[in-house]
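Beneath this line is the structure, given in C-alpha coordinates, with notes to follow.
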Amino acid sequence: MPDERGFATRGEPARDIVRRCLAAGLPAAWVTADEAYGQDWHFRRPLEQLDIGYVVAVPKSQQTKSLAGIWRIDQLIDEAPGDAWQRLSCGNGAKGPRVYDWAAAELPANIIFDPDPPTHHRWVMARRSLSDPGELAYYLVYAPVGVEIAELARIAGSRWAIEECFQAAKNECGLDQYEVRRYPGWYRHITPAMLAHAVLTALAAQAGGEAAKGAAETDQPSSRSPWQRSGGSWTLSCPAHKPTVTPSPTH
(Lines give C-alpha, C1' and ligand atoms only; values in the text may rest on other atoms or scores of the structure.)
Protein backbone atom coordinates (compact mmCIF):
# COMPACT_ATOMS: atom_id res chain seq x y z
CA MET A 1 0.00 0.00 0.00
CA PRO A 2 1.23 3.56 -0.65
CA ASP A 3 2.68 5.27 2.42
CA GLU A 4 0.02 7.98 2.24
CA ARG A 5 -2.75 5.36 2.59
CA GLY A 6 -3.22 5.06 6.34
CA PHE A 7 -5.76 3.03 8.29
CA ALA A 8 -9.34 4.26 8.07
CA THR A 9 -12.64 2.90 9.30
CA ARG A 10 -15.38 2.36 6.75
CA GLY A 11 -17.10 5.61 7.59
CA GLU A 12 -14.08 7.84 6.99
CA PRO A 13 -13.66 7.29 3.22
CA ALA A 14 -17.46 7.37 2.90
CA ARG A 15 -17.55 10.85 4.46
CA ASP A 16 -14.72 11.94 2.17
CA ILE A 17 -16.60 10.68 -0.90
CA VAL A 18 -19.71 12.65 0.08
CA ARG A 19 -17.72 15.82 0.70
CA ARG A 20 -15.85 15.51 -2.60
CA CYS A 21 -19.07 14.93 -4.54
CA LEU A 22 -20.76 17.97 -3.01
CA ALA A 23 -17.66 20.12 -3.49
CA ALA A 24 -17.63 19.11 -7.16
CA GLY A 25 -21.18 20.39 -7.55
CA LEU A 26 -22.90 17.02 -7.83
CA PRO A 27 -26.59 17.66 -7.09
CA ALA A 28 -27.64 15.47 -4.17
CA ALA A 29 -30.73 15.76 -2.00
CA TRP A 30 -30.39 12.40 -0.25
CA VAL A 31 -27.83 9.90 0.99
CA THR A 32 -28.68 6.28 1.69
CA ALA A 33 -26.46 3.56 3.10
CA ASP A 34 -26.45 0.15 4.77
CA GLU A 35 -26.03 -0.62 8.48
CA ALA A 36 -22.24 -0.38 8.44
CA TYR A 37 -22.53 3.35 7.73
CA GLY A 38 -25.99 4.09 9.10
CA GLN A 39 -25.10 3.23 12.69
CA ASP A 40 -22.10 5.59 12.61
CA TRP A 41 -22.99 8.95 14.16
CA HIS A 42 -19.85 10.47 12.64
CA PHE A 43 -21.20 9.58 9.19
CA ARG A 44 -24.73 10.91 9.80
CA ARG A 45 -23.89 14.15 11.61
CA PRO A 46 -21.93 15.82 8.75
CA LEU A 47 -24.89 15.18 6.45
CA GLU A 48 -27.16 17.00 8.88
CA GLN A 49 -24.71 19.90 9.03
CA LEU A 50 -24.83 20.10 5.24
CA ASP A 51 -28.66 19.91 5.19
CA ILE A 52 -28.49 16.66 3.18
CA GLY A 53 -31.33 14.27 3.90
CA TYR A 54 -30.56 10.63 4.61
CA VAL A 55 -32.34 7.30 4.95
CA VAL A 56 -29.82 4.85 6.41
CA ALA A 57 -30.27 1.27 7.57
CA VAL A 58 -29.36 0.48 11.17
CA PRO A 59 -29.32 -2.72 13.27
CA LYS A 60 -32.26 -3.50 15.53
CA SER A 61 -30.07 -2.67 18.54
CA GLN A 62 -29.56 0.91 17.31
CA GLN A 63 -30.30 3.40 20.05
CA THR A 64 -32.15 6.68 19.70
CA LYS A 65 -31.67 9.46 22.18
CA SER A 66 -34.00 12.24 23.30
CA LEU A 67 -34.41 14.38 26.40
CA ALA A 68 -36.76 11.68 27.70
CA GLY A 69 -34.17 8.91 27.54
CA ILE A 70 -32.56 6.34 25.27
CA TRP A 71 -34.42 3.56 23.46
CA ARG A 72 -33.57 0.79 21.05
CA ILE A 73 -35.14 1.27 17.66
CA ASP A 74 -36.76 -2.18 17.67
CA GLN A 75 -38.52 -1.29 20.95
CA LEU A 76 -39.92 1.88 19.40
CA ILE A 77 -41.14 0.03 16.31
CA ASP A 78 -42.70 -2.72 18.46
CA GLU A 79 -44.92 -0.01 19.95
CA ALA A 80 -46.25 1.06 16.56
CA PRO A 81 -50.06 0.77 16.28
CA GLY A 82 -51.52 -1.23 13.44
CA ASP A 83 -52.72 1.79 11.49
CA ALA A 84 -49.21 3.28 11.51
CA TRP A 85 -48.17 0.69 8.92
CA GLN A 86 -48.61 1.53 5.25
CA ARG A 87 -48.22 -0.79 2.28
CA LEU A 88 -45.91 0.92 -0.18
CA SER A 89 -43.62 0.11 -3.06
CA CYS A 90 -39.99 1.13 -2.70
CA GLY A 91 -39.22 0.64 -6.38
CA ASN A 92 -39.65 -1.82 -9.20
CA GLY A 93 -37.97 -5.21 -9.38
CA ALA A 94 -37.88 -7.97 -11.96
CA LYS A 95 -41.28 -9.23 -10.74
CA GLY A 96 -42.90 -5.83 -10.41
CA PRO A 97 -43.07 -3.33 -7.54
CA ARG A 98 -41.16 -4.18 -4.38
CA VAL A 99 -44.00 -3.93 -1.88
CA TYR A 100 -43.55 -3.93 1.89
CA ASP A 101 -45.31 -2.60 4.97
CA TRP A 102 -43.67 0.58 6.26
CA ALA A 103 -44.02 2.47 9.55
CA ALA A 104 -42.33 5.76 10.42
CA ALA A 105 -42.54 8.22 13.28
CA GLU A 106 -40.99 11.63 13.73
CA LEU A 107 -38.65 12.06 16.70
CA PRO A 108 -38.64 15.15 18.93
CA ALA A 109 -36.44 18.00 17.72
CA ASN A 110 -32.93 18.16 19.12
CA ILE A 111 -32.72 21.54 20.81
CA ILE A 112 -28.91 21.43 20.76
CA PHE A 113 -28.40 20.84 17.04
CA ASP A 114 -31.59 21.97 15.32
CA PRO A 115 -32.58 25.52 14.32
CA ASP A 116 -35.87 26.98 15.49
CA PRO A 117 -38.02 26.38 13.60
CA PRO A 118 -36.36 23.22 12.26
CA THR A 119 -35.90 22.73 8.53
CA HIS A 120 -35.52 18.94 8.89
CA HIS A 121 -36.88 16.27 11.18
CA ARG A 122 -35.38 12.98 12.36
CA TRP A 123 -37.42 9.82 12.07
CA VAL A 124 -37.33 6.15 12.97
CA MET A 125 -38.66 3.89 10.24
CA ALA A 126 -39.13 0.17 9.66
CA ARG A 127 -39.78 -2.05 6.67
CA ARG A 128 -41.70 -5.31 7.19
CA SER A 129 -41.86 -8.25 4.84
CA LEU A 130 -45.31 -9.27 3.64
CA SER A 131 -44.48 -12.95 3.29
CA ASP A 132 -42.66 -13.08 6.65
CA PRO A 133 -43.92 -10.38 9.07
CA GLY A 134 -41.15 -11.26 11.49
CA GLU A 135 -38.58 -10.00 9.01
CA LEU A 136 -37.99 -6.30 9.66
CA ALA A 137 -35.38 -3.79 8.61
CA TYR A 138 -34.79 -0.57 10.55
CA TYR A 139 -33.81 2.92 9.43
CA LEU A 140 -32.85 6.30 10.81
CA VAL A 141 -34.02 9.24 8.74
CA TYR A 142 -33.16 12.91 8.46
CA ALA A 143 -35.65 14.52 6.12
CA PRO A 144 -36.96 17.95 5.15
CA VAL A 145 -40.09 19.12 6.93
CA GLY A 146 -43.23 17.87 5.19
CA VAL A 147 -41.74 14.78 3.55
CA GLU A 148 -44.09 11.85 2.88
CA ILE A 149 -43.36 8.30 4.04
CA ALA A 150 -43.73 7.10 0.45
CA GLU A 151 -40.72 9.26 -0.46
CA LEU A 152 -38.71 7.83 2.44
CA ALA A 153 -39.53 4.30 1.30
CA ARG A 154 -38.43 5.16 -2.22
CA ILE A 155 -35.09 6.48 -0.96
CA ALA A 156 -34.56 3.38 1.18
CA GLY A 157 -35.22 1.15 -1.81
CA SER A 158 -32.84 3.07 -4.07
CA ARG A 159 -29.85 1.62 -2.22
CA TRP A 160 -30.43 -1.77 -3.84
CA ALA A 161 -29.45 -0.28 -7.18
CA ILE A 162 -25.91 0.13 -5.81
CA GLU A 163 -25.72 -3.50 -4.75
CA GLU A 164 -27.07 -4.58 -8.14
CA CYS A 165 -24.43 -2.40 -9.80
CA PHE A 166 -21.58 -4.09 -7.94
CA GLN A 167 -23.00 -7.55 -8.64
CA ALA A 168 -23.31 -6.78 -12.35
CA ALA A 169 -19.76 -5.42 -12.43
CA LYS A 170 -18.51 -8.66 -10.86
CA ASN A 171 -20.53 -10.89 -13.19
CA GLU A 172 -20.01 -8.99 -16.45
CA CYS A 173 -16.67 -7.20 -16.02
CA GLY A 174 -14.68 -9.32 -13.57
CA LEU A 175 -14.54 -6.65 -10.87
CA ASP A 176 -13.60 -9.25 -8.24
CA GLN A 177 -11.46 -11.48 -10.44
CA TYR A 178 -7.99 -10.46 -9.37
CA GLU A 179 -5.23 -11.87 -7.18
CA VAL A 180 -4.07 -9.27 -4.71
CA ARG A 181 -0.30 -8.88 -4.69
CA ARG A 182 0.41 -5.17 -4.76
CA TYR A 183 -1.71 -2.04 -4.59
CA PRO A 184 -0.81 -0.78 -8.12
CA GLY A 185 -1.93 -4.09 -9.67
CA TRP A 186 -5.21 -4.03 -7.75
CA TYR A 187 -5.83 -0.41 -8.73
CA ARG A 188 -5.08 -1.11 -12.40
CA HIS A 189 -7.58 -3.97 -12.40
CA ILE A 190 -10.41 -2.23 -10.55
CA THR A 191 -10.29 0.99 -12.57
CA PRO A 192 -10.80 -0.46 -16.09
CA ALA A 193 -13.35 -2.97 -14.74
CA MET A 194 -15.46 -0.11 -13.38
CA LEU A 195 -14.97 1.86 -16.59
CA ALA A 196 -16.08 -1.14 -18.65
CA HIS A 197 -19.21 -1.47 -16.53
CA ALA A 198 -19.99 2.24 -16.99
CA VAL A 199 -19.68 1.85 -20.77
CA LEU A 200 -21.94 -1.22 -20.82
CA THR A 201 -24.50 0.58 -18.64
CA ALA A 202 -24.53 3.57 -21.00
CA LEU A 203 -24.93 1.30 -24.04
CA ALA A 204 -27.77 -0.58 -22.36
CA ALA A 205 -29.52 2.69 -21.56
CA GLN A 206 -29.19 3.82 -25.15
CA ALA A 207 -30.63 0.51 -26.32
CA GLY A 208 -33.70 0.90 -24.17
CA GLY A 209 -32.44 0.03 -20.72
CA GLU A 210 -32.66 -3.04 -18.61
CA ALA A 211 -35.19 -4.05 -15.99
CA ALA A 212 -33.84 -3.70 -12.50
CA LYS A 213 -33.38 -6.95 -10.62
CA GLY A 214 -35.07 -7.59 -7.32
CA ALA A 215 -37.82 -9.38 -5.52
CA ALA A 216 -41.45 -8.36 -5.16
CA GLU A 217 -43.50 -9.04 -2.10
CA THR A 218 -47.11 -8.71 -1.69
CA ASP A 219 -49.80 -8.46 5.04
CA GLN A 220 -49.91 -6.44 8.98
CA PRO A 221 -49.64 -6.46 12.93
CA SER A 222 -51.33 -4.33 15.44
CA SER A 223 -50.41 -3.09 18.87
CA ARG A 224 -51.09 -0.18 21.11
CA SER A 225 -48.37 2.35 21.63
CA PRO A 226 -47.57 5.87 22.72
CA TRP A 227 -47.19 6.85 19.07
CA GLN A 228 -49.26 9.96 18.41
CA ARG A 229 -50.83 10.97 15.14
CA SER A 230 -50.06 14.52 14.13
CA GLY A 231 -51.81 15.57 10.96
CA GLY A 232 -50.99 13.01 8.31
CA SER A 233 -47.97 11.53 10.11
CA TRP A 234 -46.92 9.93 13.38
CA THR A 235 -44.70 11.37 16.11
CA LEU A 236 -42.91 9.94 19.13
CA SER A 237 -42.75 12.01 22.26
CA CYS A 238 -42.03 9.82 25.28
CA PRO A 239 -42.36 6.02 24.87
CA ALA A 240 -44.24 4.31 27.69
CA HIS A 241 -41.86 1.43 28.29
CA LYS A 242 -38.77 1.73 30.48
CA PRO A 243 -35.79 3.24 28.66
CA THR A 244 -32.76 1.11 27.89
CA VAL A 245 -29.91 2.08 30.15
CA THR A 246 -26.53 2.12 28.45
CA PRO A 247 -23.14 3.61 29.23
CA SER A 248 -22.46 4.27 25.55
CA PRO A 249 -23.28 7.85 24.36
CA THR A 250 -24.77 6.57 21.10
CA HIS A 251 -26.80 9.13 19.13
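So you can find residues: chains in the C-alpha coordinates are A, B, ... in the order shown, residues in each start at 1, and ligands are numbered from 1 in order.
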Point to revise | Selection: 12 Å around Leu200 of chain A, only C-alpha atoms, excl. self and same-chain fewer than 2 positions, as a ChimeraX atom specification | key: /A:165,168-169,172-173,193-198,202-207,209-210
Keeping only all heavy atoms, write the selected residues to a file as a short mmCIF file (atom, residue, chain, number, x, y, z; two decimals), in the first residue's frame.
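Dumped everything to part.cif:
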data_model
loop_
_atom_site.label_atom_id
_atom_site.label_comp_id
_atom_site.auth_asym_id
_atom_site.auth_seq_id
_atom_site.Cartn_x
_atom_site.Cartn_y
_atom_site.Cartn_z
N CYS A 165 -25.52 -2.90 -8.96
CA CYS A 165 -24.43 -2.40 -9.80
C CYS A 165 -23.14 -3.17 -9.54
O CYS A 165 -22.46 -3.61 -10.47
CB CYS A 165 -24.24 -0.91 -9.54
SG CYS A 165 -22.84 -0.16 -10.40
N ALA A 168 -23.44 -6.75 -10.89
CA ALA A 168 -23.31 -6.78 -12.35
C ALA A 168 -21.86 -6.57 -12.77
O ALA A 168 -21.37 -7.22 -13.70
CB ALA A 168 -24.21 -5.70 -12.98
N ALA A 169 -21.16 -5.66 -12.09
CA ALA A 169 -19.76 -5.42 -12.43
C ALA A 169 -18.90 -6.66 -12.17
O ALA A 169 -17.96 -6.95 -12.91
CB ALA A 169 -19.22 -4.24 -11.63
N GLU A 172 -20.22 -9.35 -15.05
CA GLU A 172 -20.01 -8.99 -16.45
C GLU A 172 -18.60 -8.47 -16.75
O GLU A 172 -18.13 -8.59 -17.88
CB GLU A 172 -21.04 -7.92 -16.87
CG GLU A 172 -22.49 -8.28 -16.57
CD GLU A 172 -22.94 -9.54 -17.27
OE1 GLU A 172 -22.38 -9.87 -18.33
OE2 GLU A 172 -23.86 -10.20 -16.76
N CYS A 173 -17.95 -7.89 -15.75
CA CYS A 173 -16.67 -7.20 -16.02
C CYS A 173 -15.53 -7.71 -15.15
O CYS A 173 -14.44 -7.12 -15.18
CB CYS A 173 -16.83 -5.70 -15.83
SG CYS A 173 -18.16 -4.98 -16.82
N ALA A 193 -12.13 -2.17 -14.92
CA ALA A 193 -13.35 -2.97 -14.74
C ALA A 193 -14.55 -2.07 -14.48
O ALA A 193 -15.64 -2.27 -15.04
CB ALA A 193 -13.17 -3.96 -13.59
N MET A 194 -14.37 -1.05 -13.65
CA MET A 194 -15.46 -0.11 -13.38
C MET A 194 -15.78 0.72 -14.61
O MET A 194 -16.95 1.02 -14.90
CB MET A 194 -15.09 0.79 -12.20
CG MET A 194 -14.95 0.06 -10.88
SD MET A 194 -14.43 1.11 -9.50
CE MET A 194 -15.84 2.18 -9.32
N LEU A 195 -14.74 1.10 -15.36
CA LEU A 195 -14.97 1.86 -16.59
C LEU A 195 -15.74 1.02 -17.60
O LEU A 195 -16.68 1.52 -18.25
CB LEU A 195 -13.63 2.30 -17.18
CG LEU A 195 -13.71 3.04 -18.51
CD1 LEU A 195 -14.52 4.31 -18.39
CD2 LEU A 195 -12.30 3.35 -19.03
N ALA A 196 -15.37 -0.26 -17.72
CA ALA A 196 -16.08 -1.14 -18.65
C ALA A 196 -17.55 -1.28 -18.27
O ALA A 196 -18.44 -1.27 -19.12
CB ALA A 196 -15.42 -2.52 -18.67
N HIS A 197 -17.81 -1.37 -16.97
CA HIS A 197 -19.21 -1.47 -16.53
C HIS A 197 -19.97 -0.19 -16.83
O HIS A 197 -21.15 -0.24 -17.23
CB HIS A 197 -19.27 -1.76 -15.03
CG HIS A 197 -20.66 -1.96 -14.53
ND1 HIS A 197 -21.34 -0.99 -13.83
CD2 HIS A 197 -21.53 -3.01 -14.66
CE1 HIS A 197 -22.55 -1.42 -13.53
NE2 HIS A 197 -22.70 -2.64 -14.02
N ALA A 198 -19.33 0.97 -16.66
CA ALA A 198 -19.99 2.24 -16.99
C ALA A 198 -20.33 2.30 -18.47
O ALA A 198 -21.43 2.75 -18.86
CB ALA A 198 -19.09 3.40 -16.60
N ALA A 202 -24.12 2.51 -20.07
CA ALA A 202 -24.53 3.57 -21.00
C ALA A 202 -25.08 2.98 -22.29
O ALA A 202 -26.11 3.45 -22.83
CB ALA A 202 -23.35 4.48 -21.29
N LEU A 203 -24.44 1.94 -22.81
CA LEU A 203 -24.93 1.30 -24.04
C LEU A 203 -26.29 0.66 -23.83
O LEU A 203 -27.17 0.74 -24.69
CB LEU A 203 -23.92 0.25 -24.51
CG LEU A 203 -22.57 0.78 -25.02
CD1 LEU A 203 -21.62 -0.37 -25.30
CD2 LEU A 203 -22.77 1.62 -26.28
N ALA A 204 -26.47 0.04 -22.66
CA ALA A 204 -27.77 -0.58 -22.36
C ALA A 204 -28.86 0.47 -22.27
O ALA A 204 -29.99 0.26 -22.74
CB ALA A 204 -27.68 -1.38 -21.06
N ALA A 205 -28.53 1.62 -21.67
CA ALA A 205 -29.52 2.69 -21.56
C ALA A 205 -29.90 3.22 -22.93
O ALA A 205 -31.07 3.50 -23.20
CB ALA A 205 -28.96 3.81 -20.68
N GLN A 206 -28.92 3.34 -23.80
CA GLN A 206 -29.19 3.82 -25.15
C GLN A 206 -30.04 2.83 -25.93
O GLN A 206 -30.83 3.20 -26.78
CB GLN A 206 -27.88 4.07 -25.89
CG GLN A 206 -27.08 5.25 -25.34
CD GLN A 206 -25.71 5.36 -25.98
OE1 GLN A 206 -25.37 4.60 -26.88
NE2 GLN A 206 -24.90 6.31 -25.51
N ALA A 207 -29.88 1.55 -25.62
CA ALA A 207 -30.63 0.51 -26.32
C ALA A 207 -32.02 0.30 -25.74
O ALA A 207 -32.76 -0.56 -26.20
CB ALA A 207 -29.86 -0.80 -26.29
N GLY A 209 -32.55 0.30 -22.15
CA GLY A 209 -32.44 0.03 -20.72
C GLY A 209 -32.75 -1.40 -20.35
O GLY A 209 -33.23 -2.20 -21.15
N GLU A 210 -32.43 -1.71 -19.14
CA GLU A 210 -32.66 -3.04 -18.61
C GLU A 210 -33.59 -2.94 -17.42
O GLU A 210 -33.62 -1.94 -16.73
CB GLU A 210 -31.34 -3.68 -18.16
CG GLU A 210 -30.37 -3.94 -19.29
CD GLU A 210 -29.12 -4.58 -18.73
OE1 GLU A 210 -28.48 -3.96 -17.86
OE2 GLU A 210 -28.81 -5.69 -19.15
#
Counting only C-alpha atoms, give me one row per residue of segment 59-120 of chain A with an atom at most 12 Å from an atom of segment 151-156 of chain A, showing the shortest contact pair and its distance in Å to one decimal, sorted by chain then residue number, as JSON lines.
{"residue": "A:Gln86", "atom": "CA", "partner": "A:Ala153", "partner_atom": "CA", "distance": 10.3}
{"residue": "A:Arg87", "atom": "CA", "partner": "A:Ala153", "partner_atom": "CA", "distance": 10.1}
{"residue": "A:Leu88", "atom": "CA", "partner": "A:Ala153", "partner_atom": "CA", "distance": 7.4}
{"residue": "A:Ser89", "atom": "CA", "partner": "A:Arg154", "partner_atom": "CA", "distance": 7.3}
{"residue": "A:Cys90", "atom": "CA", "partner": "A:Arg154", "partner_atom": "CA", "distance": 4.4}
{"residue": "A:Gly91", "atom": "CA", "partner": "A:Arg154", "partner_atom": "CA", "distance": 6.2}
{"residue": "A:Asn92", "atom": "CA", "partner": "A:Arg154", "partner_atom": "CA", "distance": 10.0}
{"residue": "A:Pro97", "atom": "CA", "partner": "A:Arg154", "partner_atom": "CA", "distance": 11.0}
{"residue": "A:Arg98", "atom": "CA", "partner": "A:Arg154", "partner_atom": "CA", "distance": 10.0}
{"residue": "A:Val99", "atom": "CA", "partner": "A:Ala153", "partner_atom": "CA", "distance": 9.9}
{"residue": "A:Tyr100", "atom": "CA", "partner": "A:Ala153", "partner_atom": "CA", "distance": 9.2}
{"residue": "A:Asp101", "atom": "CA", "partner": "A:Ala153", "partner_atom": "CA", "distance": 9.7}
{"residue": "A:Trp102", "atom": "CA", "partner": "A:Ala153", "partner_atom": "CA", "distance": 7.5}
{"residue": "A:Ala103", "atom": "CA", "partner": "A:Ala153", "partner_atom": "CA", "distance": 9.6}
{"residue": "A:Ala104", "atom": "CA", "partner": "A:Leu152", "partner_atom": "CA", "distance": 9.0}
{"residue": "A:Ala105", "atom": "CA", "partner": "A:Leu152", "partner_atom": "CA", "distance": 11.5}
Generate the output file for the selected residues, N, CA and C atoms, as a CSV table (one decimal), in the first residue's frame.
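Saved to result.csv:
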chain,number,residue,atom,x,y,z
A,86,GLN,N,-48.1,1.3,6.6
A,86,GLN,CA,-48.6,1.5,5.3
A,86,GLN,C,-48.0,0.6,4.3
A,87,ARG,N,-48.8,0.1,3.3
A,87,ARG,CA,-48.2,-0.8,2.3
A,87,ARG,C,-47.8,0.1,1.1
A,88,LEU,N,-46.5,0.0,0.8
A,88,LEU,CA,-45.9,0.9,-0.2
A,88,LEU,C,-44.9,0.2,-1.0
A,89,SER,N,-44.7,0.6,-2.2
A,89,SER,CA,-43.6,0.1,-3.1
A,89,SER,C,-42.4,1.0,-2.9
A,90,CYS,N,-41.2,0.4,-2.8
A,90,CYS,CA,-40.0,1.1,-2.7
A,90,CYS,C,-39.2,1.1,-4.0
A,91,GLY,N,-39.9,0.7,-5.1
A,91,GLY,CA,-39.2,0.6,-6.4
A,91,GLY,C,-39.6,-0.6,-7.1
A,92,ASN,N,-39.3,-0.7,-8.4
A,92,ASN,CA,-39.6,-1.8,-9.2
A,92,ASN,C,-38.5,-2.8,-9.2
A,97,PRO,N,-43.4,-4.2,-8.7
A,97,PRO,CA,-43.1,-3.3,-7.5
A,97,PRO,C,-42.6,-4.1,-6.3
A,98,ARG,N,-41.6,-3.6,-5.6
A,98,ARG,CA,-41.2,-4.2,-4.4
A,98,ARG,C,-42.1,-3.6,-3.3
A,99,VAL,N,-43.0,-4.4,-2.8
A,99,VAL,CA,-44.0,-3.9,-1.9
A,99,VAL,C,-43.7,-4.5,-0.5
A,100,TYR,N,-43.7,-3.6,0.5
A,100,TYR,CA,-43.6,-3.9,1.9
A,100,TYR,C,-44.5,-3.1,2.7
A,101,ASP,N,-44.6,-3.5,4.0
A,101,ASP,CA,-45.3,-2.6,5.0
A,101,ASP,C,-44.3,-1.7,5.6
A,102,TRP,N,-44.6,-0.4,5.7
A,102,TRP,CA,-43.7,0.6,6.3
A,102,TRP,C,-44.3,1.3,7.4
A,103,ALA,N,-43.6,1.6,8.4
A,103,ALA,CA,-44.0,2.5,9.5
A,103,ALA,C,-42.9,3.5,9.9
A,104,ALA,N,-43.3,4.7,10.1
A,104,ALA,CA,-42.3,5.8,10.4
A,104,ALA,C,-42.9,6.7,11.4
A,105,ALA,N,-42.1,7.2,12.3
A,105,ALA,CA,-42.5,8.2,13.3
A,105,ALA,C,-41.5,9.3,13.5
Proximity of segment 138-215 of chain A to segment 43-67 of chain A: per-residue shortest pair, 8 Å limit, only C-alpha atoms, as a Markdown table:
| residue | atom | partner | partner_atom | distance |
| --- | --- | --- | --- | --- |
| A:Tyr138 | CA | A:Val58 | CA | 5.6 |
| A:Tyr139 | CA | A:Ala57 | CA | 4.3 |
| A:Leu140 | CA | A:Val56 | CA | 5.5 |
| A:Val141 | CA | A:Val55 | CA | 4.6 |
| A:Tyr142 | CA | A:Gly53 | CA | 5.1 |
| A:Ala143 | CA | A:Gly53 | CA | 4.9 |
| A:Pro144 | CA | A:Gly53 | CA | 6.8 |
| A:Leu152 | CA | A:Val55 | CA | 6.9 |
| A:Ile155 | CA | A:Val55 | CA | 6.6 |
| A:Ala156 | CA | A:Val55 | CA | 5.9 |
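Each of A:Asp116, A:Glu135, A:Glu106, A:Glu179 was compared to Val147 of chain A using only C-alpha atoms, and A:Glu106 turns out to be the nearest.
In this structure, atom CA of Thr32 of chain A sits 9.0 Å away from atom CA of Gly157 of chain A.
Secondary structure of segment 181-212 of chain A, helix (DSSP H, G or I) only (DSSP, backbone atoms): Tyr183, Pro184, Gly185, Trp186, Tyr187, Arg188, His189, Ile190, Thr191, Pro192, Ala193, Met194, Leu195, Ala196, His197, Ala198, Val199, Leu200, Thr201, Ala202, Leu203, Ala204, Ala205 and Gln206 of chain A.
Taking atom CA of Pro133 of chain A as the reference point, atom CA of Asp78 of chain A is found at 12.2 Å.
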